[in-house]
4 protein chains.
Amino acid sequence: MKIGFLGLGQMGAAIAANVVKAGHDLQVWNRTPEKAEPLVRQGAKLAATPRAAAEGRDIVLTMLADDSALETVLSGDDGLLAGLAAGALHVSLSTIAVATADAVAARHASRGQRYISAPVFGRPDAAAAAKLFVVAGGDTADIARARPVLQAVGQRVFEVGERPSAANLVKLCGNFMILAAIETMGEAMALAEKGGVKKAQLLEAVIGTLFDSPAYRTYGPILVDERFRPAGFAAPLGLKDMRLAGEAAEKSVTPMPLLSLLRDRLLETIAREGADIDWSAIARTSARNAGL
Amino acid sequence: MKIGFLGLGQMGAAIAANVVKAGHDLQVWNRTPEKAEPLVRQGAKLAATPRAAAEGRDIVLTMLADDSALETVLSGDDGLLAGLAAGALHVSLSTIAVATADAVAARHASRGQRYISAPVFGRPDAAAAAKLFVVAGGDTADIARARPVLQAVGQRVFEVGERPSAANLVKLCGNFMILAAIETMGEAMALAEKGGVKKAQLLEAVIGTLFDSPAYRTYGPILVDERFRPAGFAAPLGLKDMRLAGEAAEKSVTPMPLLSLLRDRLLETIAREGADIDWSAIARTSARNAGL
Amino acid sequence: MKIGFLGLGQMGAAIAANVVKAGHDLQVWNRTPEKAEPLVRQGAKLAATPRAAAEGRDIVLTMLADDSALETVLSGDDGLLAGLAAGALHVSLSTIAVATADAVAARHASRGQRYISAPVFGRPDAAAAAKLFVVAGGDTADIARARPVLQAVGQRVFEVGERPSAANLVKLCGNFMILAAIETMGEAMALAEKGGVKKAQLLEAVIGTLFDSPAYRTYGPILVDERFRPAGFAAPLGLKDMRLAGEAAEKSVTPMPLLSLLRDRLLETIAREGADIDWSAIARTSARNAGL
Amino acid sequence: MKIGFLGLGQMGAAIAANVVKAGHDLQVWNRTPEKAEPLVRQGAKLAATPRAAAEGRDIVLTMLADDSALETVLSGDDGLLAGLAAGALHVSLSTIAVATADAVAARHASRGQRYISAPVFGRPDAAAAAKLFVVAGGDTADIARARPVLQAVGQRVFEVGERPSAANLVKLCGNFMILAAIETMGEAMALAEKGGVKKAQLLEAVIGTLFDSPAYRTYGPILVDERFRPAGFAAPLGLKDMRLAGEAAEKSVTPMPLLSLLRDRLLETIAREGADIDWSAIARTSARNAGL
């Protein structure tokens with residue numbers, strides 16, 4: 001298929017490489033074009049604007065840092081909205097607000113373009129290995145159309161409803177749950193350590209049993225070894241996601257005290273450790289607050 | 001081996017049955033002797049007092065509701081301390097306070113008796129299937145001696161240190177982590193449901209991926225179907241464990257805000273739903289507080 | 001002085017009436033002009049647009065529901081910015097975001113107009129009695145110029161710094177502190193009541209002593225009598241203020257766990273009681289959660 | 001009247017001095033008798049045991065550090081229970097658990113002795129100035145009998161019910177409310193400071209208006225000046241009171257999330273600052289967590 005790809009950050013570049021590998025005809029755009037070089041060497045074409053990258057494509061994928069980066073790429077004479085053909089499909093992989101996804105879907109619809117949300121779970125290494133989990137929301141036919149591409153970048157695709165933004169809500173829930181698991185391990189490890197049990201021993205006993213799953217397996221060793229820099233997912237990005245979850249919660253009038261606790265933990269961690277630290281360093285904050 | 005077993009509640013009876021099945025010579029005692037009948041039919045002998053059940057035994061296992069039940073069984077002329085031979089081993093499976101385990105260990109030591117803590121993870125069905133996870137703390141030789149019995153009742157044994165109470169601390173950490181996972185799912189499900197995503201859809205997407213582990217697999221469906229009665233683990237028992245964890249945290253000066261949140265959730269759930277509800281019903285409280 | 005006044009809600013109307021009473025020449029505007037009738041009968045002139053109300057005035061006061069209402073009144077051909085003379089002063093009494101106040105100040109400055117923030121503490125009855133507390137931020141000379149008007153509507157004026165938005169930040173802090181006091185009383189009253197002490201007895205003992213101040217004296221009896229409807233200050237307005245405080249906290253990287261607790265309490269109260277209830281009904285939520 | 005007084009710590013010594021000044025015949029006891037010297041110089045007699053201090057007295061007041069210190073003084077051959085005449089009255093000024101007060105009341109009743117709880121609000125300087133607030137619980141006639149003494153040591157006496165322990169519950173509520181006010185000021189000050197508003201300016205604006213009461217007037221300046229050492233009321237004592245409140249809350253099934261937050265704050269403050277710091281230093285923790 002003729003694919004466009006906008007946004008070649010750490011995650012986007014890894015995903016786009018898997019799209020090329022799967023044999024698709026890829027046209028890419030990035031704000032700083034240098035980042036496209038490895039892809040161009042693999043056969044992708046570099047476009048000068050989002051519009052140019054979208055023109056003549058069946059599907060355009062976007063992987064951008066936040067809502068405002070997506071807005072910039074969408075709008076204006078050089079934007080994605082101007083370039084995408086009627087009937088062509090925009091697949092948004094970014095973690096964005098529920099309300100933003102609803103608005104973007106409506107703008108595409110008014111031009112006869114198609115839109116689905118397909119945010120992903122996984123860190124950069126999972127993206128490189130095509131082991132992402134993809135959560136897809138939107139029209140069943142649109143998801144079916146995108147499926148070959150989504151399967152080229154992830155190990156599994158979950159459909160969560162006809163409204164595209166449902167996928168964004170599930171993605172925010174998932175990130176909330178990951179950070180909650182980190183906080184949980186952090187507090188338990190602080191208690192164990194102050195009681196004379198080694199962090200690694202505690203985690204072996206609980207992860208080897210009740211919590212034997214990717215989220216705990218990924219973050220457990222990071223917490224034990226305190227590998228917080230360089231950040232795989234920086235604390236301010238985690239804070240952004242918790243804020244988006246909080247906005248959705250406030251809009252739907254849903255109290256979430258654990259989400260609130262996580263937001264304050266991230267703020268505390270950023271204030272004390274700096275903005276370049278991994279979001280999982282909230283566990284260090286638990287340790288520090290216990291005098292460790 | 002010659003084994004004694006004190007405490008035949010839902011968990012204890014299931015465990016004791018597996019000890020008999022493994023071919024050990026079992027002598028049992030329970031406050032209400034009627035509960036011993038199925039075991040007696042399987043070949044166990046019924047003793048009239050804890051002391052009688054302990055006399056002449058190599059190892060005595062106890063599985064009691066709480067610290068004070070353990071104290072009652074230990075002390076007095078008819079108690080376990082009076083009956084256990086010098087050099088014989090008491091294996092405490094109960095979820096008790098860290099400080100209590102330290103005290104019990106000291107009392108056994110002063111009589112030349114051995115003691116290890118070996119609390120277990122798993123609900124009654126796991127106990128019946130000999131699929132418990134056992135966390136053992138104490139002298140390495142003592143744990144080795146108890147291992148054949150522990151392996152007869154569980155699928156795996158974790159050693160966490162030479163101090164028996166280390167195992168109790170790990171057990172409390174584990175229960176804290178389970179309840180934290182329940183709270184996490186409960187808040188996420190409330191947010192999803194108010195945003196138009198079905199609870200089951202959310203859980204499939206996250207448990208099928210990041211959280212594919214026994215704790216989430218066990219409780220996820222209970223939360224989706226709201227199977228809170230009859231209670232597999234009643235909320236007041238969960239509250240007791242969170243209180244024990246909180247006492248350990250206070251004693252070691254470890255702030256644990258998520259633990260505090262869980263305690264308040266359990267209190268709220270008991271106040272509004274009654275004491276006969278499963279501890280996982282804190283997820284219903286999240287839903288109710290969102291107006292669901 | 002020649003005064004303009006925009007926004008004649010419950011608070012604005014009461015304040016404007018005191019400006020007239022103090023002998024100032026008042027020109028008013030409101031989105032629904034009917035609300036201006038009592039003021040017109042007292043001698044105020046009714047203007048057709050914010051611009052018209054501002055033209056030829058020394059000082060224009062605004063008292064609007066939120067940031068977007070202020071934005072609407074400021075902008076466009078009929079707006080306050082278009083009508084205010086160079087050198088004339090805009091005094092914003094509304095509770096708005098810190099960032100909004102900074103932005104409004106900059107827009108006035110670029111036109112040679114003056115701006116101060118002067119949010120007020122007090123419920124409608126205090127406004128009617130000219131007993132408000134005014135928190136003023138901005139250039140000292142500007143505050144001095146506004147002082148005669150501010151003293152006509154309040155019992156005391158506090159200056160908190162040269163940056164206008166400093167006053168908005170203090171106002172948000174104050175509202176946070178009031179709601180924190182309500183939460184505090186609510187939890188204490190629930191504990192007392194469940195322990196057999198009457199709510200009124202508890203409050204007499206603590207308000208008659210340690211907490212003998214307007215915030216506690218105002219809200220204590222409301223809580224005891226559960227006078228939550230009609231709302232003096234509706235829960236969604238309280239939630240808006242807590243959100244503004246939260247945005248300021250996030251921007252300045254300040255964790256505020258008590259603020260987070262209050263936000264969740266308001267969400268819970270709105271979800272369970274409806275949006276027409278007073279913000280102080282978070283105390284009812286404390287009682288309900290204890291099974292009262 | 002013939003008065004006995006047990007417990008001459010910082011608070012007790014100041015209170016006992018006012019009893020002597022009021023002209024009562026005073027017999028005192030303290031664990032370390034040296035502390036009694038200033039009182040003996042004022043005319044008090046020193047007794048060798050709690051029993052001796054109680055014998056022949058109409059009323060015996062106790063002011064002890066905690067429940068276990070009270071227990072030590074009450075029991076045994078040399079204890080208060082043994083010395084107090086039938087019909088004589090024990091007035092307990094200490095901050096103790098609700099359950100302890102109930103138990104002590106029952107023990108006195110079984111000997112025909114009278115008992116009331118009369119805990120006090122106020123720091124040592126208020127005690128010295130006879131400006132304490134006294135909360136009295138118990139039989140009306142017993143309170144009437146103690147009133148001359150209570151009025152000699154405090155500025156006002158509140159009666160809160162016929163059950164002595166009601167006064168202890170109110171006292172715990174009061175201490176909870178004070179610490180909640182400190183947390184509130186601490187968070188607001190951190191937000192203000194990070195936004196460029198001085199702590200003193202914020203407090204002047206809010207304490208000069210809405211919060212003009214002893215609790216805020218006492219602690220506000222301590223927070224602004226960070227006068228946390230030497231401790232007027234050490235953090236571990238505050239933690240003890242919050243634990244007692246938490247025990248009462250758990251027993252009556254009352255969720256109190258703000259109380260939980262305060263407990264964790266004290267733990268965090270003790271872990272990071274040491275046990276010798278004033279409980280109001282939780283405000284420093286708020287500042288530190290914001291990077292100040």
# chains A, B, ... in the order shown; residues from 1 in each chain; ligands from 1

$ residues_around --residues "Thr269 (chain C)" --least-positions-apart "2" --cutoff "10 Å" --atoms "only C-alpha atoms" --output "ChimeraX atom specification"
/A:253,255 /B:289-291 /C:235-236,263-267,271-275,277-286

$ write_last_selection --atoms "N, CA and C atoms" --output "mmCIF file, in the first residue's frame"
data_model
loop_
_atom_site.group_PDB
_atom_site.id
_atom_site.type_symbol
_atom_site.label_atom_id
_atom_site.label_comp_id
_atom_site.auth_asym_id
_atom_site.auth_seq_id
_atom_site.Cartn_x
_atom_site.Cartn_y
_atom_site.Cartn_z
ATOM 1 N N VAL A 253 -16.860 13.462 34.957
ATOM 2 C CA VAL A 253 -17.178 13.484 36.401
ATOM 3 C C VAL A 253 -16.867 12.128 37.041
ATOM 4 N N PRO A 255 -14.276 10.647 39.829
ATOM 5 C CA PRO A 255 -13.167 10.839 40.784
ATOM 6 C C PRO A 255 -12.173 9.688 40.687
ATOM 7 N N ASN B 289 -18.886 6.115 43.257
ATOM 8 C CA ASN B 289 -18.446 7.497 43.475
ATOM 9 C C ASN B 289 -18.427 8.301 42.186
ATOM 10 N N ALA B 290 -18.475 7.600 41.056
ATOM 11 C CA ALA B 290 -18.567 8.279 39.760
ATOM 12 C C ALA B 290 -20.017 8.375 39.297
ATOM 13 N N GLY B 291 -20.934 7.956 40.171
ATOM 14 C CA GLY B 291 -22.350 8.050 39.822
ATOM 15 C C GLY B 291 -22.843 6.879 39.000
ATOM 16 N N ALA C 235 -20.983 23.650 43.466
ATOM 17 C CA ALA C 235 -19.836 22.745 43.411
ATOM 18 C C ALA C 235 -19.049 22.855 42.103
ATOM 19 N N PRO C 236 -19.709 22.984 40.945
ATOM 20 C CA PRO C 236 -18.901 23.095 39.712
ATOM 21 C C PRO C 236 -18.046 24.373 39.669
ATOM 22 N N ARG C 263 -10.268 18.118 44.854
ATOM 23 C CA ARG C 263 -10.841 17.994 43.513
ATOM 24 C C ARG C 263 -11.639 16.710 43.373
ATOM 25 N N ASP C 264 -11.057 15.613 43.859
ATOM 26 C CA ASP C 264 -11.778 14.346 43.760
ATOM 27 C C ASP C 264 -13.051 14.365 44.594
ATOM 28 N N ARG C 265 -13.002 15.015 45.731
ATOM 29 C CA ARG C 265 -14.194 15.138 46.573
ATOM 30 C C ARG C 265 -15.308 15.881 45.841
ATOM 31 N N LEU C 266 -14.943 16.963 45.158
ATOM 32 C CA LEU C 266 -15.958 17.724 44.419
ATOM 33 C C LEU C 266 -16.533 16.885 43.287
ATOM 34 N N LEU C 267 -15.670 16.175 42.558
ATOM 35 C CA LEU C 267 -16.165 15.313 41.483
ATOM 36 C C LEU C 267 -17.130 14.273 42.035
ATOM 37 N N ALA C 271 -21.004 13.983 41.103
ATOM 38 C CA ALA C 271 -21.492 12.749 40.471
ATOM 39 C C ALA C 271 -22.649 12.150 41.258
ATOM 40 N N ARG C 272 -22.613 12.297 42.580
ATOM 41 C CA ARG C 272 -23.635 11.625 43.388
ATOM 42 C C ARG C 272 -24.798 12.525 43.750
ATOM 43 N N GLU C 273 -24.570 13.835 43.831
ATOM 44 C CA GLU C 273 -25.617 14.741 44.316
ATOM 45 C C GLU C 273 -26.160 15.650 43.225
ATOM 46 N N GLY C 274 -25.452 15.768 42.131
ATOM 47 C CA GLY C 274 -25.875 16.697 41.089
ATOM 48 C C GLY C 274 -25.090 17.989 41.128
ATOM 49 N N ALA C 275 -25.196 18.771 40.055
ATOM 50 C CA ALA C 275 -24.358 19.954 39.878
ATOM 51 C C ALA C 275 -24.926 21.195 40.572
ATOM 52 N N ILE C 277 -25.569 21.610 43.722
ATOM 53 C CA ILE C 277 -25.349 21.597 45.164
ATOM 54 C C ILE C 277 -24.187 22.510 45.539
ATOM 55 N N ASP C 278 -24.211 23.021 46.755
ATOM 56 C CA ASP C 278 -23.132 23.888 47.234
ATOM 57 C C ASP C 278 -21.832 23.093 47.360
ATOM 58 N N TRP C 279 -20.718 23.789 47.131
ATOM 59 C CA TRP C 279 -19.423 23.098 47.209
ATOM 60 C C TRP C 279 -19.154 22.519 48.600
ATOM 61 N N SER C 280 -19.776 23.110 49.617
ATOM 62 C CA SER C 280 -19.538 22.624 50.979
ATOM 63 C C SER C 280 -20.163 21.249 51.212
ATOM 64 N N ALA C 281 -20.943 20.761 50.242
ATOM 65 C CA ALA C 281 -21.554 19.431 50.393
ATOM 66 C C ALA C 281 -20.517 18.318 50.310
ATOM 67 N N ILE C 282 -19.257 18.643 50.082
ATOM 68 C CA ILE C 282 -18.244 17.581 50.199
ATOM 69 C C ILE C 282 -18.283 16.984 51.605
ATOM 70 N N ALA C 283 -18.771 17.757 52.567
ATOM 71 C CA ALA C 283 -18.905 17.209 53.924
ATOM 72 C C ALA C 283 -19.983 16.139 53.973
ATOM 73 N N ARG C 284 -21.024 16.282 53.176
ATOM 74 C CA ARG C 284 -22.039 15.229 53.118
ATOM 75 C C ARG C 284 -21.426 13.955 52.531
ATOM 76 N N THR C 285 -20.534 14.140 51.560
ATOM 77 C CA THR C 285 -19.860 12.979 50.987
ATOM 78 C C THR C 285 -19.048 12.243 52.051
ATOM 79 N N SER C 286 -18.354 12.975 52.917
ATOM 80 C CA SER C 286 -17.639 12.332 54.029
ATOM 81 C C SER C 286 -18.596 11.526 54.894
#

$ select_by_dssp --residues "region 177-249 of chain A" --states "helix (DSSP H, G or I)" --output "PyMOL selection string"
chain A and resi 177-194+199-207+214-225+235-249

$ residues_around --residues "region 197-203 of chain B" --least-positions-apart "2" --cutoff "7 Å" --atoms "only C-alpha atoms" --output "VMD selection string"
(chain A and resid 160 166 170) or (chain B and resid 189 192 to 193 195 205 to 207 220 224)

$ residues_around --residues "Ala44 (chain D)" --least-positions-apart "2" --cutoff "6 Å" --atoms "only C-alpha atoms" --output "PyMOL selection string"
chain D and resi 26-27+39-40

$ atom_distance --atom1 "CA of Arg107 (chain A)" --atom2 "CA of Leu74 (chain A)"
9.8 Å

$ residues_around --residues "Lys2 (chain D)" --least-positions-apart "3" --cutoff "6 Å" --atoms "only C-alpha atoms" --output "list of chain:residue names"
D:Asp25, D:Arg57, D:Asp58

$ residues_around --residues "region 11-21 of chain D" --least-positions-apart "4" --cutoff "7 Å" --atoms "only C-alpha atoms" --output "list in words"
Phe5, Gly7, Asp25, Leu26, Leu39, Met63, Pro124, Ala127, Ala128, Ala130, Val149, Ala152 and Val153 of chain D

$ residues_around --residues "region 88-91 of chain D" --least-positions-apart "5" --cutoff "8 Å" --atoms "only C-alpha atoms" --output "PyMOL selection string"
chain D and resi 57-62+113-118+142+146

$ select_by_dssp --residues "region 28-257 of chain D" --states "strand (DSSP E or B)" --output "ChimeraX atom specification"
/D:28-29,45-46,59-62,89-92,114-117,120-121,132-137,154-159,234

$ write_last_selection --atoms "C-alpha atoms" --output "compact mmCIF listing (two decimals), in the first residue's frame"
# COMPACT_ATOMS: atom_id res chain seq x y z
CA VAL D 28 2.36 16.14 93.32
CA TRP D 29 4.20 13.16 91.93
CA LYS D 45 4.01 18.67 98.66
CA LEU D 46 6.01 15.98 96.85
CA ILE D 59 -9.53 15.36 92.97
CA VAL D 60 -6.45 13.94 91.26
CA LEU D 61 -5.40 15.33 87.89
CA THR D 62 -3.15 13.38 85.53
CA LEU D 89 -12.50 12.09 91.30
CA HIS D 90 -9.80 11.37 88.71
CA VAL D 91 -9.57 14.09 86.03
CA SER D 92 -7.48 12.89 83.10
CA ARG D 114 -15.35 8.87 89.82
CA TYR D 115 -13.67 9.66 86.49
CA ILE D 116 -13.89 12.38 83.85
CA SER D 117 -11.78 13.09 80.76
CA VAL D 120 -6.85 20.47 76.80
CA PHE D 121 -6.01 22.52 73.71
CA LEU D 132 -5.97 26.54 77.77
CA PHE D 133 -9.27 25.39 76.35
CA VAL D 134 -10.62 22.43 78.29
CA VAL D 135 -12.94 19.82 76.77
CA ALA D 136 -14.74 17.91 79.49
CA GLY D 137 -16.63 14.64 79.17
CA GLY D 154 -7.93 27.26 81.26
CA GLN D 155 -9.85 30.15 79.79
CA ARG D 156 -12.93 28.13 78.93
CA VAL D 157 -14.48 24.72 79.60
CA PHE D 158 -16.62 22.91 77.00
CA GLU D 159 -18.87 20.01 78.00
CA ALA D 234 7.30 17.00 68.44
